[in-house]
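Structure file query.pdb (PDB, C-alpha atoms) is printed below.
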ATOM      1  CA  ILE A1036      75.273 -72.655  20.248
ATOM      2  CA  ASN A1037      77.056 -70.779  17.466
ATOM      3  CA  GLY A1038      76.087 -67.139  17.864
ATOM      4  CA  ARG A1039      76.862 -66.351  14.244
ATOM      5  CA  THR A1040      75.081 -69.241  12.552
ATOM      6  CA  GLY A1041      72.536 -70.266  15.188
ATOM      7  CA  SER A1042      73.603 -73.902  14.870
ATOM      8  CA  VAL A1043      73.434 -76.099  17.958
ATOM      9  CA  ALA A1044      75.947 -78.817  18.846
ATOM     10  CA  THR A1045      75.252 -81.407  21.548
ATOM     11  CA  ILE A1046      78.275 -82.456  23.605
ATOM     12  CA  PRO A1047      78.071 -85.503  25.906
ATOM     13  CA  VAL A1048      79.343 -84.823  29.430
ATOM     14  CA  GLY A1049      78.915 -86.595  32.757
ATOM     15  CA  GLU A1050      75.623 -87.667  34.287
ATOM     16  CA  ASN A1051      73.138 -84.990  35.375
ATOM     17  CA  PRO A1052      75.135 -81.794  34.775
ATOM     18  CA  ILE A1053      73.783 -79.249  37.254
ATOM     19  CA  ALA A1054      76.084 -76.202  37.139
ATOM     20  CA  PHE A1055      78.881 -74.800  35.014
ATOM     21  CA  ALA A1056      81.806 -72.397  35.138
ATOM     22  CA  LYS A1057      84.291 -71.014  32.621
ATOM     23  CA  ILE A1058      88.037 -70.376  32.594
ATOM     24  CA  ASN A1059      89.402 -68.832  29.411
ATOM     25  CA  SER A1060      88.129 -70.950  26.500
ATOM     26  CA  THR A1061      87.215 -74.010  28.590
ATOM     27  CA  ILE A1062      83.780 -74.686  30.074
ATOM     28  CA  TYR A1063      83.409 -76.944  33.106
ATOM     29  CA  THR A1064      80.222 -78.759  34.139
ATOM     30  CA  ALA A1065      79.534 -80.221  37.593
ATOM     31  CA  ASN A1066      77.890 -83.620  37.090
ATOM     32  CA  THR A1067      75.990 -84.585  40.211
ATOM     33  CA  ALA A1068      75.169 -88.218  39.381
ATOM     34  CA  ASP A1069      78.668 -89.501  38.599
ATOM     35  CA  ASN A1070      80.811 -87.364  40.917
ATOM     36  CA  SER A1071      82.695 -85.638  38.149
ATOM     37  CA  VAL A1072      83.471 -82.402  36.379
ATOM     38  CA  SER A1073      83.608 -82.329  32.578
ATOM     39  CA  ALA A1074      86.085 -79.932  30.956
ATOM     40  CA  ILE A1075      84.987 -78.874  27.461
ATOM     41  CA  THR A1076      87.404 -77.000  25.231
ATOM     42  CA  SER A1077      85.252 -74.573  23.251
ATOM     43  CA  ILE A1078      87.415 -74.684  20.119
ATOM     44  CA  LYS A1079      87.849 -78.433  19.567
ATOM     45  CA  GLN A1080      84.942 -79.443  21.847
ATOM     46  CA  LYS A1081      87.133 -82.073  23.462
ATOM     47  CA  VAL A1082      85.769 -83.364  26.775
ATOM     48  CA  THR A1083      87.951 -84.417  29.698
ATOM     49  CA  LYS A1084      86.586 -86.026  32.855
ATOM     50  CA  ILE A1085      87.827 -84.901  36.284
ATOM     51  CA  ASN A1086      86.809 -86.958  39.313
ATOM     52  CA  VAL A1087      85.605 -84.988  42.361
ATOM     53  CA  GLY A1088      83.694 -85.717  45.581
ATOM     54  CA  GLY A1089      80.215 -87.088  46.118
ATOM     55  CA  SER A1090      77.254 -85.400  44.407
ATOM     56  CA  PRO A1091      78.683 -82.095  43.177
ATOM     57  CA  THR A1092      75.980 -79.419  43.274
ATOM     58  CA  ASP A1093      77.771 -76.193  42.342
ATOM     59  CA  ILE A1094      80.987 -74.983  40.718
ATOM     60  CA  VAL A1095      82.681 -71.583  40.552
ATOM     61  CA  SER A1096      85.944 -70.362  39.053
ATOM     62  CA  LEU A1097      88.480 -68.028  40.627
ATOM     63  CA  ASN A1098      91.623 -67.216  38.675
ATOM     64  CA  ALA A1099      92.955 -70.584  37.483
ATOM     65  CA  LYS A1100      91.119 -72.668  40.085
ATOM     66  CA  LEU A1101      87.718 -74.314  40.163
ATOM     67  CA  PHE A1102      85.816 -74.911  43.380
ATOM     68  CA  VAL A1103      83.212 -77.707  43.449
ATOM     69  CA  ALA A1104      80.701 -78.197  46.292
ATOM     70  CA  ASN A1105      80.224 -81.923  46.960
ATOM     71  CA  TYR A1106      76.895 -82.385  48.751
ATOM     72  CA  THR A1107      77.215 -85.972  49.959
ATOM     73  CA  GLY A1108      80.993 -85.791  50.254
ATOM     74  CA  ASN A1109      80.831 -82.885  52.743
ATOM     75  CA  THR A1110      83.783 -81.385  50.901
ATOM     76  CA  VAL A1111      84.850 -78.895  48.277
ATOM     77  CA  SER A1112      87.096 -80.126  45.474
ATOM     78  CA  ILE A1113      89.651 -77.562  44.295
ATOM     79  CA  ILE A1114      90.820 -78.116  40.733
ATOM     80  CA  ASP A1115      94.039 -76.350  39.726
ATOM     81  CA  THR A1116      93.855 -75.895  35.965
ATOM     82  CA  ASN A1117      97.421 -74.572  35.909
ATOM     83  CA  ASN A1118      98.670 -77.840  37.363
ATOM     84  CA  GLY A1119      97.220 -80.514  35.112
ATOM     85  CA  ASN A1120      93.754 -80.319  36.702
ATOM     86  CA  SER A1121      95.127 -81.656  39.984
ATOM     87  CA  VAL A1122      92.450 -81.969  42.674
ATOM     88  CA  THR A1123      92.725 -80.943  46.331
ATOM     89  CA  THR A1124      89.884 -81.805  48.703
ATOM     90  CA  VAL A1125      88.941 -79.767  51.766
ATOM     91  CA  ALA A1126      86.247 -80.456  54.383
ATOM     92  CA  VAL A1127      83.510 -77.820  54.744
ATOM     93  CA  GLY A1128      80.928 -79.040  57.231
ATOM     94  CA  THR A1129      77.865 -81.025  56.198
ATOM     95  CA  SER A1130      76.067 -80.928  52.837
ATOM     96  CA  PRO A1131      77.652 -77.997  50.975
ATOM     97  CA  THR A1132      75.159 -76.705  48.434
ATOM     98  CA  ASP A1133      76.143 -73.326  47.024
ATOM     99  CA  LEU A1134      79.250 -71.210  46.385
ATOM    100  CA  ALA A1135      80.023 -67.521  45.990
ATOM    101  CA  VAL A1136      83.237 -65.575  45.389
ATOM    102  CA  LEU A1137      84.370 -62.374  47.089
ATOM    103  CA  GLY A1138      87.908 -61.202  46.385
ATOM    104  CA  SER A1139      90.238 -64.148  46.922
ATOM    105  CA  MET A1140      87.750 -66.003  49.113
ATOM    106  CA  VAL A1141      85.136 -68.635  48.266
ATOM    107  CA  TYR A1142      82.086 -68.805  50.547
ATOM    108  CA  VAL A1143      80.219 -72.092  50.981
ATOM    109  CA  ALA A1144      76.620 -72.585  52.111
ATOM    110  CA  SER A1145      76.184 -75.728  54.195
ATOM    111  CA  ALA A1146      72.686 -77.215  54.377
ATOM    112  CA  ASN A1147      73.253 -79.230  57.549
ATOM    113  CA  SER A1148      75.657 -77.186  59.650
ATOM    114  CA  ASN A1149      75.270 -73.794  61.284
ATOM    115  CA  ASP A1150      78.170 -72.134  59.486
ATOM    116  CA  VAL A1151      79.200 -70.494  56.272
ATOM    117  CA  TRP A1152      82.565 -71.893  55.287
ATOM    118  CA  VAL A1153      85.341 -69.753  53.847
ATOM    119  CA  ILE A1154      88.115 -71.031  51.573
ATOM    120  CA  ASP A1155      91.215 -68.936  50.874
ATOM    121  CA  SER A1156      91.764 -69.529  47.157
ATOM    122  CA  ILE A1157      95.498 -68.874  47.435
ATOM    123  CA  SER A1158      96.392 -71.138  50.356
ATOM    124  CA  ASN A1159      93.319 -73.451  50.269
ATOM    125  CA  ASN A1160      92.978 -72.881  54.024
ATOM    126  CA  VAL A1161      89.445 -73.234  55.415
ATOM    127  CA  SER A1162      87.723 -71.262  58.157
ATOM    128  CA  SER A1163      84.087 -70.779  59.139
ATOM    129  CA  VAL A1164      81.639 -68.094  60.240
ATOM    130  CA  SER A1165      78.856 -69.174  62.584
ATOM    131  CA  VAL A1166      75.400 -67.979  61.495
ATOM    132  CA  GLY A1167      73.353 -70.070  63.940
ATOM    133  CA  SER A1168      71.371 -72.033  61.375
ATOM    134  CA  PRO A1169      71.942 -74.228  58.308
ATOM    135  CA  THR A1170      72.284 -72.358  55.025
ATOM    136  CA  ASN A1171      71.433 -73.494  51.523
ATOM    137  CA  SER A1172      72.239 -70.486  49.359
ATOM    138  CA  VAL A1173      74.908 -67.796  49.433
ATOM    139  CA  ALA A1174      75.454 -64.595  47.435
ATOM    140  CA  VAL A1175      77.796 -61.608  47.458
ATOM    141  CA  LEU A1176      77.053 -57.908  47.094
ATOM    142  CA  GLY A1177      79.773 -55.368  47.784
ATOM    143  CA  THR A1178      81.768 -56.460  50.832
ATOM    144  CA  LYS A1179      78.911 -58.458  52.340
ATOM    145  CA  VAL A1180      77.971 -62.110  52.057
ATOM    146  CA  TYR A1181      74.300 -63.107  52.309
ATOM    147  CA  ALA A1182      73.187 -66.621  53.296
ATOM    148  CA  THR A1183      69.675 -68.058  53.577
ATOM    149  CA  ASN A1184      68.695 -69.613  56.919
ATOM    150  CA  TYR A1185      65.968 -71.989  55.773
ATOM    151  CA  ALA A1186      64.858 -73.122  59.242
ATOM    152  CA  LYS A1187      64.796 -69.639  60.800
ATOM    153  CA  ASN A1188      63.198 -67.740  57.893
ATOM    154  CA  THR A1189      66.039 -65.247  57.884
ATOM    155  CA  VAL A1190      69.001 -64.184  55.806
ATOM    156  CA  SER A1191      72.344 -63.857  57.566
ATOM    157  CA  ILE A1192      74.566 -60.957  56.518
ATOM    158  CA  ILE A1193      78.316 -61.386  56.967
ATOM    159  CA  ASP A1194      80.217 -58.108  56.834
ATOM    160  CA  THR A1195      83.681 -59.044  55.563
ATOM    161  CA  ALA A1196      84.879 -55.458  56.059
ATOM    162  CA  SER A1197      84.075 -55.675  59.779
ATOM    163  CA  ALA A1198      85.833 -58.839  60.966
ATOM    164  CA  ASN A1199      83.055 -61.058  59.556
ATOM    165  CA  SER A1200      80.465 -59.677  61.973
ATOM    166  CA  VAL A1201      77.058 -61.310  61.465
ATOM    167  CA  SER A1202      73.588 -59.787  61.482
ATOM    168  CA  SER A1203      70.288 -61.098  60.133
ATOM    169  CA  VAL A1204      67.075 -59.916  58.508
ATOM    170  CA  ALA A1205      63.668 -61.605  58.563
ATOM    171  CA  VAL A1206      62.231 -62.795  55.241
ATOM    172  CA  GLY A1207      59.464 -65.207  54.212
ATOM    173  CA  GLU A1208      59.076 -68.839  55.218
ATOM    174  CA  GLY A1209      61.593 -71.295  53.790
ATOM    175  CA  PRO A1210      64.110 -68.986  52.092
ATOM    176  CA  SER A1211      65.716 -71.285  49.560
ATOM    177  CA  ASN A1212      67.688 -69.244  47.054
ATOM    178  CA  LEU A1213      69.355 -65.865  46.568
ATOM    179  CA  ALA A1214      70.054 -63.687  43.562
ATOM    180  CA  VAL A1215      71.752 -60.331  43.156
ATOM    181  CA  PHE A1216      70.285 -57.814  40.736
ATOM    182  CA  GLY A1217      71.675 -54.318  40.639
ATOM    183  CA  THR A1218      72.019 -53.085  44.213
ATOM    184  CA  LYS A1219      69.517 -55.441  45.843
ATOM    185  CA  ILE A1220      69.288 -59.026  47.087
ATOM    186  CA  TYR A1221      66.315 -61.146  46.021
ATOM    187  CA  VAL A1222      65.263 -64.076  48.226
ATOM    188  CA  ALA A1223      62.978 -66.892  47.067
ATOM    189  CA  ASN A1224      60.685 -68.020  49.921
ATOM    190  CA  TYR A1225      59.477 -71.543  49.205
ATOM    191  CA  TYR A1226      56.539 -71.835  51.617
ATOM    192  CA  THR A1227      54.990 -68.387  51.165
ATOM    193  CA  ASN A1228      55.326 -68.131  47.366
ATOM    194  CA  THR A1229      57.009 -64.775  47.756
ATOM    195  CA  ILE A1230      60.213 -62.938  46.922
ATOM    196  CA  SER A1231      61.794 -60.796  49.632
ATOM    197  CA  VAL A1232      63.825 -57.863  48.324
ATOM    198  CA  ILE A1233      66.615 -56.696  50.630
ATOM    199  CA  ASN A1234      68.075 -53.236  50.227
ATOM    200  CA  PRO A1235      71.582 -53.296  51.782
ATOM    201  CA  GLN A1236      71.261 -49.572  52.526
ATOM    202  CA  ASN A1237      68.261 -50.237  54.779
ATOM    203  CA  VAL A1238      67.847 -53.892  55.699
ATOM    204  CA  ASN A1239      64.987 -53.106  58.074
ATOM    205  CA  GLN A1240      62.698 -52.366  55.130
ATOM    206  CA  VAL A1241      62.166 -55.562  53.160
ATOM    207  CA  LEU A1242      59.890 -55.437  50.138
ATOM    208  CA  VAL A1243      57.729 -58.550  49.601
ATOM    209  CA  LEU A1244      56.589 -59.642  46.131
ATOM    210  CA  THR A1245      53.995 -62.370  45.600
ATOM    211  CA  VAL A1246      54.809 -64.928  42.893
ATOM    212  CA  GLY A1247      53.602 -68.362  41.796
ATOM    213  CA  ASN A1248      53.429 -71.569  43.829
ATOM    214  CA  GLY A1249      56.681 -73.161  44.969
TER     215      GLY A1249
END
Serialized structure, structure tokens:
Amino acid sequence: INGRTGSVATIPVGENPIAFAKINSTIYTANTADNSVSAITSIKQKVTKINVGGSPTDIVSLNAKLFVANYTGNTVSIIDTNNGNSVTTVAVGTSPTDLAVLGSMVYVASANSNDVWVIDSISNNVSSVSVGSPTNSVAVLGTKVYATNYAKNTVSIIDTASANSVSSVAVGEGPSNLAVFGTKIYVANYYTNTISVINPQNVNQVLVLTVGNG
């Protein structure tokens, strides 16, 4: 969309684009149906295909690298845009679904393993933090990482400033997604049609908002 003229251009990319990220003047889309990332130069609108792992579901950028969560591949693809879009693949548990960035680290929610995975963006080394339940969404606020525990109806809180110590807070049934707005964390609870609002200053007081079905 041209912000000055309002004109809209349609650019073909891979199949079923589901998420996007940006580095400088290039936009990247994660295409879940054909296991690819499309790189779109915003000036010439040239599209380049980059092959990644199975069923990419999310993509984030950090400096000159892109990190792509591959749901059926059980991996994250790391694309180095400073090195000809070369791709490095790292294993991150089972069914990675969501990514978040804190400092030089990329945090990975894993829908079928009881850990949040941590990728060092400089070395590409991988570690994990046990949270005791599968996670399907992850978000960052300050020095803390929040991850939804769908089966336990909780949100795990990883304190990166305290040796990745883990605590948890109860929310509604089926927490499925997280969003940060201002100084609070908002949690979508699938089965109760509610939003839980977590105040990091007092996690024991969770505000509950009723919303529509699903």
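Compared by their closest atoms to Thr1195 in chain A, and using only C-alpha atoms, the residues A:Ser1145, A:Asn1212, A:Thr1178, A:Ser1042 rank with A:Thr1178 nearest.
Once Ile1078 in chain A and its same-chain neighbours fewer than 4 positions away are set aside, Asn1037, Asn1059, Ser1060, Thr1061, Ile1062 and Val1082 of chain A remain within 12 Å of it when counting all atoms listed in the file.
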When the PyMOL selection byres ((chain A and resi 1149-1160) around 8) is applied to the structure above, which residues does it catch, written out as number ranges by chain? A: 1097, 1100, 1125, 1127-1128, 1139-1145, 1147-1148, 1161-1170, 1182
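Excluding range 1051-1053 of chain A and any residue on its chain fewer than 4 positions from it, the residues at most 9 Å away by only C-alpha atoms are Thr1064, Ala1065, Asn1066, Thr1067, Ala1068, Asp1069, Val1072, Ser1073, Pro1091, Thr1092 and Asp1093 of chain A.
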Saved selection, atoms kept: C-alpha atoms, as a PDB file, in the frame of the given file:
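Output saved as out-v4.pdb:
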ATOM      1  CA  THR A1064      80.222 -78.759  34.139  1.00  0.00           C
ATOM      2  CA  ALA A1065      79.534 -80.221  37.593  1.00  0.00           C
ATOM      3  CA  ASN A1066      77.890 -83.620  37.090  1.00  0.00           C
ATOM      4  CA  THR A1067      75.990 -84.585  40.211  1.00  0.00           C
ATOM      5  CA  ALA A1068      75.169 -88.218  39.381  1.00  0.00           C
ATOM      6  CA  ASP A1069      78.668 -89.501  38.599  1.00  0.00           C
ATOM      7  CA  VAL A1072      83.471 -82.402  36.379  1.00  0.00           C
ATOM      8  CA  SER A1073      83.608 -82.329  32.578  1.00  0.00           C
ATOM      9  CA  PRO A1091      78.683 -82.095  43.177  1.00  0.00           C
ATOM     10  CA  THR A1092      75.980 -79.419  43.274  1.00  0.00           C
ATOM     11  CA  ASP A1093      77.771 -76.193  42.342  1.00  0.00           C
TER      12      ASP A1093
END
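Excluding Thr1229 in chain A and any residue on its chain fewer than 6 positions from it, the residues at most 9 Å away by only C-alpha atoms are Gly1207, Glu1208, Val1222, Ala1223, Val1243, Leu1244, Thr1245, Val1246, Gly1247, Asn1248 and Gly1249 of chain A.
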Å distance separating CA of Gly1089 in chain A from CA of Phe1055 in chain A, one decimal place: 16.6 Å
Evaluate the PyMOL selection byres ((chain A and resi 1106) around 8) against this structure - the residues, as a ChimeraX atom specification, please. /A:1089-1092,1104-1105,1107-1110,1129-1132
Nearest residue to Val1095 in chain A out of A:Lys1079, A:Ile1113, A:Gly1119, A:Ala1056, using only C-alpha atoms? A:Ala1056
Could you list the residues chosen by the PyMOL selection byres ((chain A and resi 1235) around 10) in this structure as an mmCIF file with C-alpha atoms, in the frame of the given file?
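What follows is the written file expr00.cif:
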data_model
loop_
_atom_site.group_PDB
_atom_site.id
_atom_site.type_symbol
_atom_site.label_atom_id
_atom_site.label_comp_id
_atom_site.auth_asym_id
_atom_site.auth_seq_id
_atom_site.Cartn_x
_atom_site.Cartn_y
_atom_site.Cartn_z
ATOM 1 C CA LEU A 1176 77.053 -57.908 47.094
ATOM 2 C CA GLY A 1177 79.773 -55.368 47.784
ATOM 3 C CA LYS A 1179 78.911 -58.458 52.340
ATOM 4 C CA ILE A 1192 74.566 -60.957 56.518
ATOM 5 C CA THR A 1218 72.019 -53.085 44.213
ATOM 6 C CA LYS A 1219 69.517 -55.441 45.843
ATOM 7 C CA ILE A 1220 69.288 -59.026 47.087
ATOM 8 C CA VAL A 1232 63.825 -57.863 48.324
ATOM 9 C CA ILE A 1233 66.615 -56.696 50.630
ATOM 10 C CA ASN A 1234 68.075 -53.236 50.227
ATOM 11 C CA GLN A 1236 71.261 -49.572 52.526
ATOM 12 C CA ASN A 1237 68.261 -50.237 54.779
ATOM 13 C CA VAL A 1238 67.847 -53.892 55.699
ATOM 14 C CA ASN A 1239 64.987 -53.106 58.074
ATOM 15 C CA GLN A 1240 62.698 -52.366 55.130
ATOM 16 C CA VAL A 1241 62.166 -55.562 53.160
#
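Distances from A:Ala1135, A:Val1206, A:Ile1094, A:Ile1193 to Ser1172 in chain A were compared using all atoms listed in the file, and the smallest one belongs to A:Ala1135.
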In Å, how far is it from CA of Tyr1181 in chain A to CA of Phe1216 in chain A? 13.3 Å
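Taking all atoms listed in the file into account, Ala1205 in chain A lies nearest to A:Leu1242 out of the set A:Val1087, A:Ile1075, A:Leu1242, A:Val1175.
Here CA of Asn1188 in chain A is placed at a distance of 24.4 Å from CA of Leu1137 in chain A.
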